[in-house]
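Participant: Okay, here's the structure, questions in a sec.
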Number of protein chains: 2
Amino acid sequence: MKTCLDCISCFFRQALEASRMVSDDEALHKEVLQEVAKEFSNICLDESPPSVSRKIHKIVRDLTGSLDPYKEVKDKYNQMALGLYPQLREKVLNSADPLLTSIRMVIAGNIIDFGVGNSFDVEKEIKEAFHKEFATLDYSIFCDFIEDTEEVLYLGDNAGEVVFDRLLVEVIESMGKRVVYAVRGAPIINDATLDDARECGIHNDVTELISTGSDAPATVLELCSPDFIERFNGAKMIISKGQGNFEALSGEKRPIFFLFKVKCPVVAENINHEVGDMVLSRGQSFGLMGQKL
Amino acid sequence: MKTCLDCISCFFRQALEASRMVSDDEALHKEVLQEVAKEFSNICLDESPPSVSRKIHKIVRDLTGSLDPYKEVKDKYNQMALGLYPQLREKVLNSADPLLTSIRMVIAGNIIDFGVGNSFDVEKEIKEAFHKEFATLDYSIFCDFIEDTEEVLYLGDNAGEVVFDRLLVEVIESMGKRVVYAVRGAPIINDATLDDARECGIHNDVTELISTGSDAPATVLELCSPDFIERFNGAKMIISKGQGNFEALSGEKRPIFFLFKVKCPVVAENINHEVGDMVLSRGQSFGLMGQKL
């Protein structure tokens, strides 16, 4: 999906929020926004939003001198989610359809996204996700794919959310499948890195943990390592978690299932959904397969 | 009130919305935003938001070639408000306190503001404004001022809203007072100009209609005409309608009553109120008199 002119105001908001995470110095915040403004004095709309976002957050890191502005909030949400894990796991395992229930929980966790805003109510999301209708739910084909594959490549998204992903990963593994869980190659916004994934306990004897090798806030293939690209191209089934991964991969002709909550009006309009909608989609349900938005 | 770094993302949104009002050409929209980005590559935080907004909308007008991008929506809301006028007037006149009821109606009309967003429900606002508690209501001192003055200077805000202002203006005039109603000197966003004020029927034998002589989207004194400044400085009582006029005049030591709905989080934080709050304030209720925010 290409970046849209509506995204620009959102990037300024992100840059300001990120700067405030690491410093109270308004002169520094101003310097960051001026540099972001210089970046947009020559707007390129050919890249996906996560590619542009990567450049913006590099400006924040370079000027603030902080390698990981969101470190504190990532730790906070990792711990918060770990606190919820035992009761969520019990709910998943005791439900009529643990696979679908864990998918619902993944969507609930997908709210922990500092790229979209800085206030969210995780407990409320969990309650809602248990009952709300999916706007798109390609569940039977999802089940068929799991049935027919030995290994699933799972593209993670944000810190904290990893614990929710873990619920789904564990259900898939209980079906006798292997899961390879991929996270970002370096800190960007509150996206999960290898450290976050380990902290959230997704690393075990069964799940393999890998990195995309890139510091983009989504799986932007042009920026990923050759090792990751090989795993991506060889995967028989890919679960792409989060709106950012959808933005980056919506045009790819791979066996991808997009699993996310619609969180911004630009994406909503692109796929003819509403903000807040829950989506599990094989991609072609949006008419998107192989199509560059 | 000074412009805040949070305002910048809002200016980009405004510039994009204004460009889309006059053209479907995305290349032109992009050109506008690039120029806005150049403007912010050297951020000045000493001006009030309406002063900065004026520069942004000048860029839109210059690049799109449209002198009045919001002409169509202004006409639409003038007509819509005129359609509501007879029933609102009846409600005001039949109420226990027509002065306070017309103030409530002015607040309801204050939602018609394309500077803040492009979707609002006027009928819902009217219903709410009839019953909602004011967050700040300096009503007795407001009544005292009206009692003690012969002439009130009323600073208008947006097109369409003028009809709601007219309800209050007519109540004040029925108390034997004169009202001078001031509008912008040239089109900017959906702010009311002399044409809009006439279309909304506020011009009559009693009400005098004047212009600020400036194309800023609020009463930015440094940009107003000498004639207007003379009227402003000589006024014994000023009703400043709308959040923009509050942003521009919050630091002035004049007998101003600010009448507006709080519409953005930056202003809300500045005066320790919530977005959506209804305000009629003598200024010192925020500790603002003579203080540059």
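Each chain in the structure tokens gets a letter, A, B and so on, in the order shown; residues start at 1 in every chain, and ligands are counted from 1 in the order they appear.
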What lies within 8 Å of Gly156 of chain B using only C-alpha atoms, ignoring chain neighbours under 4 positions off, as a ChimeraX atom specification?
Facilitator: /B:162,165,181-183,192,240-242
Participant: Store the residues of this selection in a file with N, CA and C atoms, as a PDB file, in the first residue's frame.
Facilitator:
ATOM      1  N   VAL B 162     -23.178  32.576  11.794  1.00  0.00           N
ATOM      2  CA  VAL B 162     -23.676  33.959  11.900  1.00  0.00           C
ATOM      3  C   VAL B 162     -25.166  33.962  12.250  1.00  0.00           C
ATOM      4  N   ASP B 165     -25.381  33.497  15.843  1.00  0.00           N
ATOM      5  CA  ASP B 165     -24.989  34.758  16.499  1.00  0.00           C
ATOM      6  C   ASP B 165     -26.156  35.744  16.460  1.00  0.00           C
ATOM      7  N   TYR B 181     -21.191  44.173  14.562  1.00  0.00           N
ATOM      8  CA  TYR B 181     -20.818  42.779  14.284  1.00  0.00           C
ATOM      9  C   TYR B 181     -19.643  42.751  13.312  1.00  0.00           C
ATOM     10  N   ALA B 182     -18.519  42.168  13.763  1.00  0.00           N
ATOM     11  CA  ALA B 182     -17.304  42.183  12.935  1.00  0.00           C
ATOM     12  C   ALA B 182     -17.009  40.810  12.332  1.00  0.00           C
ATOM     13  N   VAL B 183     -16.680  40.823  11.040  1.00  0.00           N
ATOM     14  CA  VAL B 183     -16.317  39.569  10.349  1.00  0.00           C
ATOM     15  C   VAL B 183     -14.949  39.737   9.703  1.00  0.00           C
ATOM     16  N   ALA B 192     -16.639  33.662   8.333  1.00  0.00           N
ATOM     17  CA  ALA B 192     -17.642  34.565   7.749  1.00  0.00           C
ATOM     18  C   ALA B 192     -17.012  35.860   7.239  1.00  0.00           C
ATOM     19  N   SER B 240     -16.311  37.861  22.095  1.00  0.00           N
ATOM     20  CA  SER B 240     -15.398  37.202  21.161  1.00  0.00           C
ATOM     21  C   SER B 240     -15.901  35.793  20.931  1.00  0.00           C
ATOM     22  N   LYS B 241     -16.435  35.529  19.750  1.00  0.00           N
ATOM     23  CA  LYS B 241     -17.051  34.222  19.484  1.00  0.00           C
ATOM     24  C   LYS B 241     -16.055  33.271  18.813  1.00  0.00           C
ATOM     25  N   GLY B 242     -15.984  32.055  19.305  1.00  0.00           N
ATOM     26  CA  GLY B 242     -15.191  31.028  18.650  1.00  0.00           C
ATOM     27  C   GLY B 242     -13.821  30.823  19.266  1.00  0.00           C
TER      28      GLY B 242
END
Participant: So that I can see what lies close to Ser174 of chain B, please list as a PyMOL selection string the residues with an atom at most 12 Å from it, counting only C-alpha atoms and leaving out residues fewer than 2 positions away in the same chain.
Facilitator: chain B and resi 93+98-99+146+166-172+176-179+206-207
Participant: Need to verify the contact set: Arg61 of chain B, 12 Å, only C-alpha atoms, exclusion of same-chain residues closer than 5 positions in sequence. Can you return it as a list of chain:residue names?
Facilitator: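 My list of contacting residues is B:Ala15, B:Leu16, B:Ala18, B:Ser19, B:Arg20, B:Met21, B:Val22, B:Ser23, B:Leu28, B:His29, B:Val32, B:Glu35, B:Arg54, B:Lys55, B:Ile56, B:Ser66, B:Leu67, B:Asp68, B:Pro69, B:Tyr70, B:Ala186, B:Pro187, B:Ile188, B:Ile189, B:Asp215.
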Participant: Can I get the selection written as a compact mmCIF listing (two decimals), in the first residue's frame, with C-alpha atoms?
Facilitator:
# COMPACT_ATOMS: atom_id res chain seq x y z
CA ALA B 15 -4.15 22.28 3.99
CA LEU B 16 -5.07 18.91 2.50
CA ALA B 18 -8.76 22.83 1.70
CA SER B 19 -6.92 21.65 -1.43
CA ARG B 20 -9.42 18.85 -1.90
CA MET B 21 -12.27 21.36 -1.68
CA VAL B 22 -11.17 22.95 -4.94
CA SER B 23 -9.45 20.21 -6.92
CA LEU B 28 -1.64 19.69 -6.82
CA HIS B 29 -2.52 18.53 -3.29
CA VAL B 32 0.49 22.30 -1.51
CA GLU B 35 5.01 24.03 0.33
CA ARG B 54 -3.45 32.30 7.71
CA LYS B 55 -0.08 31.55 6.09
CA ILE B 56 -1.04 27.94 5.42
CA SER B 66 -8.90 29.54 -5.73
CA LEU B 67 -9.58 32.75 -3.82
CA ASP B 68 -12.23 31.08 -1.68
CA PRO B 69 -11.89 27.28 -1.47
CA TYR B 70 -14.71 27.00 1.08
CA ALA B 186 -11.33 38.33 3.19
CA PRO B 187 -12.17 34.64 2.68
CA ILE B 188 -10.21 32.21 4.88
CA ILE B 189 -11.32 28.64 5.66
CA ASP B 215 -7.65 37.66 6.16
Participant: Considering only C-alpha atoms, can you say which of B:Thr3, B:Asn204, B:Asn158, B:Ser41 comes closest to chain A?
Facilitator: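 Nearest to chain A: B:Ser41.
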Participant: Please determine the contact residues of chain B with respect to chain A at a cut-off of 9 Å, counting only C-alpha atoms, and supply them as a list in words.
Facilitator: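 My answer is Leu5, Asp6, Ile8, Ser9, Cys10, Phe11, Phe12, Arg13, Leu16, Glu26, His29, Lys30, Glu31, Leu33, Gln34, Glu35, Val36, Ala37, Lys38, Glu39, Phe40, Ser41, Asn42 and Ile43 of chain B.
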Participant: How would the residues just chosen look if you wrote them out with N, CA and C atoms as a PDB file, in the first residue's frame?
Facilitator:
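Result file out13.pdb:
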ATOM      1  N   LEU B   5       3.550  22.785  19.141  1.00  0.00           N
ATOM      2  CA  LEU B   5       4.042  21.811  18.156  1.00  0.00           C
ATOM      3  C   LEU B   5       2.948  20.822  17.744  1.00  0.00           C
ATOM      4  N   ASP B   6       2.000  20.572  18.648  1.00  0.00           N
ATOM      5  CA  ASP B   6       0.882  19.672  18.316  1.00  0.00           C
ATOM      6  C   ASP B   6       0.028  20.226  17.180  1.00  0.00           C
ATOM      7  N   ILE B   8       0.959  21.469  14.419  1.00  0.00           N
ATOM      8  CA  ILE B   8       1.517  21.310  13.072  1.00  0.00           C
ATOM      9  C   ILE B   8       0.805  20.213  12.279  1.00  0.00           C
ATOM     10  N   SER B   9       0.571  19.067  12.920  1.00  0.00           N
ATOM     11  CA  SER B   9      -0.107  17.990  12.186  1.00  0.00           C
ATOM     12  C   SER B   9      -1.498  18.459  11.746  1.00  0.00           C
ATOM     13  N   CYS B  10      -2.120  19.296  12.572  1.00  0.00           N
ATOM     14  CA  CYS B  10      -3.449  19.816  12.267  1.00  0.00           C
ATOM     15  C   CYS B  10      -3.411  20.759  11.039  1.00  0.00           C
ATOM     16  N   PHE B  11      -2.347  21.535  10.917  1.00  0.00           N
ATOM     17  CA  PHE B  11      -2.228  22.434   9.764  1.00  0.00           C
ATOM     18  C   PHE B  11      -2.081  21.636   8.462  1.00  0.00           C
ATOM     19  N   PHE B  12      -1.369  20.519   8.521  1.00  0.00           N
ATOM     20  CA  PHE B  12      -1.252  19.683   7.321  1.00  0.00           C
ATOM     21  C   PHE B  12      -2.619  19.130   6.928  1.00  0.00           C
ATOM     22  N   ARG B  13      -3.376  18.690   7.922  1.00  0.00           N
ATOM     23  CA  ARG B  13      -4.727  18.185   7.647  1.00  0.00           C
ATOM     24  C   ARG B  13      -5.585  19.278   7.013  1.00  0.00           C
ATOM     25  N   LEU B  16      -4.619  19.972   3.401  1.00  0.00           N
ATOM     26  CA  LEU B  16      -5.067  18.906   2.497  1.00  0.00           C
ATOM     27  C   LEU B  16      -6.577  19.001   2.266  1.00  0.00           C
ATOM     28  N   GLU B  26      -4.373  15.143  -7.390  1.00  0.00           N
ATOM     29  CA  GLU B  26      -3.504  14.767  -6.264  1.00  0.00           C
ATOM     30  C   GLU B  26      -2.115  15.402  -6.372  1.00  0.00           C
ATOM     31  N   HIS B  29      -2.450  18.686  -4.751  1.00  0.00           N
ATOM     32  CA  HIS B  29      -2.516  18.528  -3.285  1.00  0.00           C
ATOM     33  C   HIS B  29      -1.109  18.314  -2.719  1.00  0.00           C
ATOM     34  N   LYS B  30      -0.358  17.487  -3.432  1.00  0.00           N
ATOM     35  CA  LYS B  30       1.005  17.167  -2.996  1.00  0.00           C
ATOM     36  C   LYS B  30       1.886  18.416  -3.007  1.00  0.00           C
ATOM     37  N   GLU B  31       1.717  19.212  -4.063  1.00  0.00           N
ATOM     38  CA  GLU B  31       2.484  20.456  -4.187  1.00  0.00           C
ATOM     39  C   GLU B  31       2.182  21.382  -3.004  1.00  0.00           C
ATOM     40  N   LEU B  33       1.088  20.501   0.019  1.00  0.00           N
ATOM     41  CA  LEU B  33       1.668  19.978   1.268  1.00  0.00           C
ATOM     42  C   LEU B  33       3.185  20.143   1.298  1.00  0.00           C
ATOM     43  N   GLN B  34       3.822  20.033   0.135  1.00  0.00           N
ATOM     44  CA  GLN B  34       5.270  20.254   0.074  1.00  0.00           C
ATOM     45  C   GLN B  34       5.611  21.693   0.469  1.00  0.00           C
ATOM     46  N   GLU B  35       4.785  22.612   0.003  1.00  0.00           N
ATOM     47  CA  GLU B  35       5.013  24.027   0.326  1.00  0.00           C
ATOM     48  C   GLU B  35       4.755  24.277   1.821  1.00  0.00           C
ATOM     49  N   VAL B  36       3.729  23.616   2.353  1.00  0.00           N
ATOM     50  CA  VAL B  36       3.458  23.730   3.792  1.00  0.00           C
ATOM     51  C   VAL B  36       4.649  23.170   4.581  1.00  0.00           C
ATOM     52  N   ALA B  37       5.191  22.049   4.095  1.00  0.00           N
ATOM     53  CA  ALA B  37       6.364  21.450   4.763  1.00  0.00           C
ATOM     54  C   ALA B  37       7.537  22.422   4.741  1.00  0.00           C
ATOM     55  N   LYS B  38       7.722  23.110   3.616  1.00  0.00           N
ATOM     56  CA  LYS B  38       8.816  24.095   3.552  1.00  0.00           C
ATOM     57  C   LYS B  38       8.603  25.195   4.599  1.00  0.00           C
ATOM     58  N   GLU B  39       7.337  25.611   4.742  1.00  0.00           N
ATOM     59  CA  GLU B  39       7.003  26.636   5.737  1.00  0.00           C
ATOM     60  C   GLU B  39       7.421  26.174   7.144  1.00  0.00           C
ATOM     61  N   PHE B  40       7.199  24.897   7.433  1.00  0.00           N
ATOM     62  CA  PHE B  40       7.504  24.380   8.772  1.00  0.00           C
ATOM     63  C   PHE B  40       8.942  23.878   8.927  1.00  0.00           C
ATOM     64  N   SER B  41       9.744  24.005   7.870  1.00  0.00           N
ATOM     65  CA  SER B  41      11.149  23.602   8.048  1.00  0.00           C
ATOM     66  C   SER B  41      11.872  24.662   8.886  1.00  0.00           C
ATOM     67  N   ASN B  42      11.175  25.753   9.154  1.00  0.00           N
ATOM     68  CA  ASN B  42      11.685  26.732  10.120  1.00  0.00           C
ATOM     69  C   ASN B  42      10.498  27.179  10.985  1.00  0.00           C
ATOM     70  N   ILE B  43      10.253  26.424  12.019  1.00  0.00           N
ATOM     71  CA  ILE B  43       9.036  26.609  12.822  1.00  0.00           C
ATOM     72  C   ILE B  43       9.145  27.830  13.742  1.00  0.00           C
TER      73      ILE B  43
END
Participant: Select from segment 176-225 of chain A everything DSSP, run on the backbone, classes as alpha helix (DSSP H), then give the selection as a PyMOL selection string.
Facilitator: chain A and resi 194-199
Participant: When you count only C-alpha atoms, which of these residues is closest to Arg282 of chain B: B:Phe164, B:Phe142, B:Phe120, B:Tyr85?
Facilitator: B:Phe142
Participant: List the neighbours of segment 124-130 of chain A out to 7 Å using only C-alpha atoms; skip same-chain residues closer than 2 positions along the sequence, and give me the result as a list in words.
Facilitator: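 Everything that qualifies: Arg104, Met105, Ile107, Ala108, Asp121, Val122 and Lys132 of chain A.
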Participant: Can you tell me, as a ChimeraX atom specification, what residues are no more than 10 Å from Ala218 of chain B when counting only C-alpha atoms, ignoring any on the same chain fewer than 3 positions away?
Facilitator: /B:48-51,53-54,155-158,183-184,188,191,212,214-215,221,223-224,240-249
Participant: Using only C-alpha atoms, please write the residues we just selected to a file, as a PDB file, in the first residue's frame.
Facilitator:
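Below is the file that was written, out-v4.pdb:
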ATOM      1  CA  SER B  48      -0.946  32.387  17.562  1.00  0.00           C
ATOM      2  CA  PRO B  49      -2.497  29.404  15.706  1.00  0.00           C
ATOM      3  CA  PRO B  50      -4.744  31.675  13.595  1.00  0.00           C
ATOM      4  CA  SER B  51      -1.677  33.635  12.402  1.00  0.00           C
ATOM      5  CA  SER B  53      -3.198  29.116   9.797  1.00  0.00           C
ATOM      6  CA  ARG B  54      -3.454  32.297   7.707  1.00  0.00           C
ATOM      7  CA  LEU B 155     -16.515  39.357  16.895  1.00  0.00           C
ATOM      8  CA  GLY B 156     -18.051  36.741  14.600  1.00  0.00           C
ATOM      9  CA  ASP B 157     -16.466  33.487  13.551  1.00  0.00           C
ATOM     10  CA  ASN B 158     -17.658  31.156  10.804  1.00  0.00           C
ATOM     11  CA  VAL B 183     -16.317  39.569  10.349  1.00  0.00           C
ATOM     12  CA  ARG B 184     -13.103  38.691   8.464  1.00  0.00           C
ATOM     13  CA  ILE B 188     -10.206  32.208   4.876  1.00  0.00           C
ATOM     14  CA  ASP B 191     -14.865  32.036   8.270  1.00  0.00           C
ATOM     15  CA  THR B 212     -11.528  43.279  10.772  1.00  0.00           C
ATOM     16  CA  SER B 214      -7.641  41.083   7.795  1.00  0.00           C
ATOM     17  CA  ASP B 215      -7.652  37.664   6.164  1.00  0.00           C
ATOM     18  CA  LEU B 221      -4.888  42.431  16.051  1.00  0.00           C
ATOM     19  CA  LEU B 223      -3.140  42.220  11.067  1.00  0.00           C
ATOM     20  CA  CYS B 224      -6.369  44.213  11.508  1.00  0.00           C
ATOM     21  CA  SER B 240     -15.398  37.202  21.161  1.00  0.00           C
ATOM     22  CA  LYS B 241     -17.051  34.222  19.484  1.00  0.00           C
ATOM     23  CA  GLY B 242     -15.191  31.028  18.650  1.00  0.00           C
ATOM     24  CA  GLN B 243     -12.042  29.234  19.640  1.00  0.00           C
ATOM     25  CA  GLY B 244      -9.916  31.021  17.002  1.00  0.00           C
ATOM     26  CA  ASN B 245     -10.768  34.438  18.426  1.00  0.00           C
ATOM     27  CA  PHE B 246      -9.929  33.097  21.882  1.00  0.00           C
ATOM     28  CA  GLU B 247      -6.537  31.848  20.626  1.00  0.00           C
ATOM     29  CA  ALA B 248      -5.845  35.257  19.090  1.00  0.00           C
ATOM     30  CA  LEU B 249      -7.131  37.448  21.939  1.00  0.00           C
TER      31      LEU B 249
END
Participant: By how many Å are atom CA of Asp195 of chain A and atom CA of His57 of chain A apart?
Facilitator: 19.5 Å
Participant: Report, in Å with one decimal, the straight-line distance from atom CA of Val116 of chain B to atom CA of Ser250 of chain B.
Facilitator: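 It comes out at 18.8 Å.
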Participant: So what do you get for atom CA of Arg89 of chain B versus atom CA of Asp205 of chain B, distance-wise?
Facilitator: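 Pair atom CA of Arg89 of chain B / atom CA of Asp205 of chain B returns 18.7 Å.
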Participant: Applying 8 Å and only C-alpha atoms, which residues near Asp277 of chain A remain after dropping the ones on its own chain fewer than 4 positions away? List them as an mmCIF file with C-alpha atoms, in the first residue's frame.
Facilitator:
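So the final result, stored in part_4.cif, reads:
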data_model
loop_
_atom_site.group_PDB
_atom_site.id
_atom_site.type_symbol
_atom_site.label_atom_id
_atom_site.label_comp_id
_atom_site.auth_asym_id
_atom_site.auth_seq_id
_atom_site.Cartn_x
_atom_site.Cartn_y
_atom_site.Cartn_z
ATOM 1 C CA PHE A 134 -15.311 -10.057 12.142
ATOM 2 C CA ALA A 135 -15.683 -7.668 9.196
ATOM 3 C CA LYS A 261 -7.618 -4.510 13.629
ATOM 4 C CA VAL A 262 -8.278 -1.610 11.221
ATOM 5 C CA HIS A 273 -13.846 -1.312 5.943
#
Participant: Which neighbours of Cys200 of chain A fall inside 7 Å, counting only C-alpha atoms, when residues of the same chain fewer than 4 positions from it are skipped, and could you give them as a list in words?
Facilitator: Asn78, Leu82, Val162, Val163 and Asp196 of chain A
Participant: Store the residues picked out above in a file with C-alpha atoms, as a compact mmCIF listing (two decimals), in the first residue's frame.
Facilitator:
# COMPACT_ATOMS: atom_id res chain seq x y z
CA ASN A 78 5.25 -6.67 27.86
CA LEU A 82 2.32 -11.26 30.66
CA VAL A 162 3.65 -10.78 21.40
CA VAL A 163 1.99 -12.34 24.45
CA ASP A 196 10.70 -8.23 23.51
Participant: Please run DSSP on the backbone and report, as an mmCIF file with C-alpha atoms, in the first residue's frame, all residues within segment 59-267 of chain B that come out as strand (DSSP E or B).
Facilitator:
data_model
loop_
_atom_site.group_PDB
_atom_site.id
_atom_site.type_symbol
_atom_site.label_atom_id
_atom_site.label_comp_id
_atom_site.auth_asym_id
_atom_site.auth_seq_id
_atom_site.Cartn_x
_atom_site.Cartn_y
_atom_site.Cartn_z
ATOM 1 C CA THR B 136 -17.290 28.101 32.604
ATOM 2 C CA LEU B 137 -20.205 30.531 32.755
ATOM 3 C CA GLU B 151 -22.884 49.281 22.373
ATOM 4 C CA VAL B 152 -21.401 45.777 22.151
ATOM 5 C CA LEU B 153 -18.652 44.793 19.699
ATOM 6 C CA TYR B 154 -19.366 41.221 18.615
ATOM 7 C CA LEU B 155 -16.515 39.357 16.895
ATOM 8 C CA ASN B 158 -17.658 31.156 10.804
ATOM 9 C CA ARG B 178 -26.528 48.549 19.725
ATOM 10 C CA VAL B 179 -24.414 45.735 18.314
ATOM 11 C CA VAL B 180 -21.447 46.109 15.979
ATOM 12 C CA TYR B 181 -20.818 42.779 14.284
ATOM 13 C CA ALA B 182 -17.304 42.183 12.935
ATOM 14 C CA VAL B 183 -16.317 39.569 10.349
ATOM 15 C CA ASP B 191 -14.865 32.036 8.270
ATOM 16 C CA GLU B 208 -23.717 47.648 12.209
ATOM 17 C CA LEU B 209 -21.607 45.321 10.113
ATOM 18 C CA ILE B 210 -17.840 45.881 9.951
ATOM 19 C CA SER B 211 -14.750 43.952 8.868
ATOM 20 C CA ILE B 238 -16.546 42.776 23.411
ATOM 21 C CA ILE B 239 -18.080 39.375 22.744
ATOM 22 C CA SER B 240 -15.398 37.202 21.161
ATOM 23 C CA LYS B 241 -17.051 34.222 19.484
ATOM 24 C CA ILE B 256 -13.733 40.689 26.380
ATOM 25 C CA PHE B 257 -16.160 37.828 26.951
ATOM 26 C CA PHE B 258 -15.010 34.648 25.253
ATOM 27 C CA LEU B 259 -17.891 32.545 24.004
ATOM 28 C CA PHE B 260 -16.969 29.219 22.423
ATOM 29 C CA LYS B 261 -16.999 25.480 22.406
#
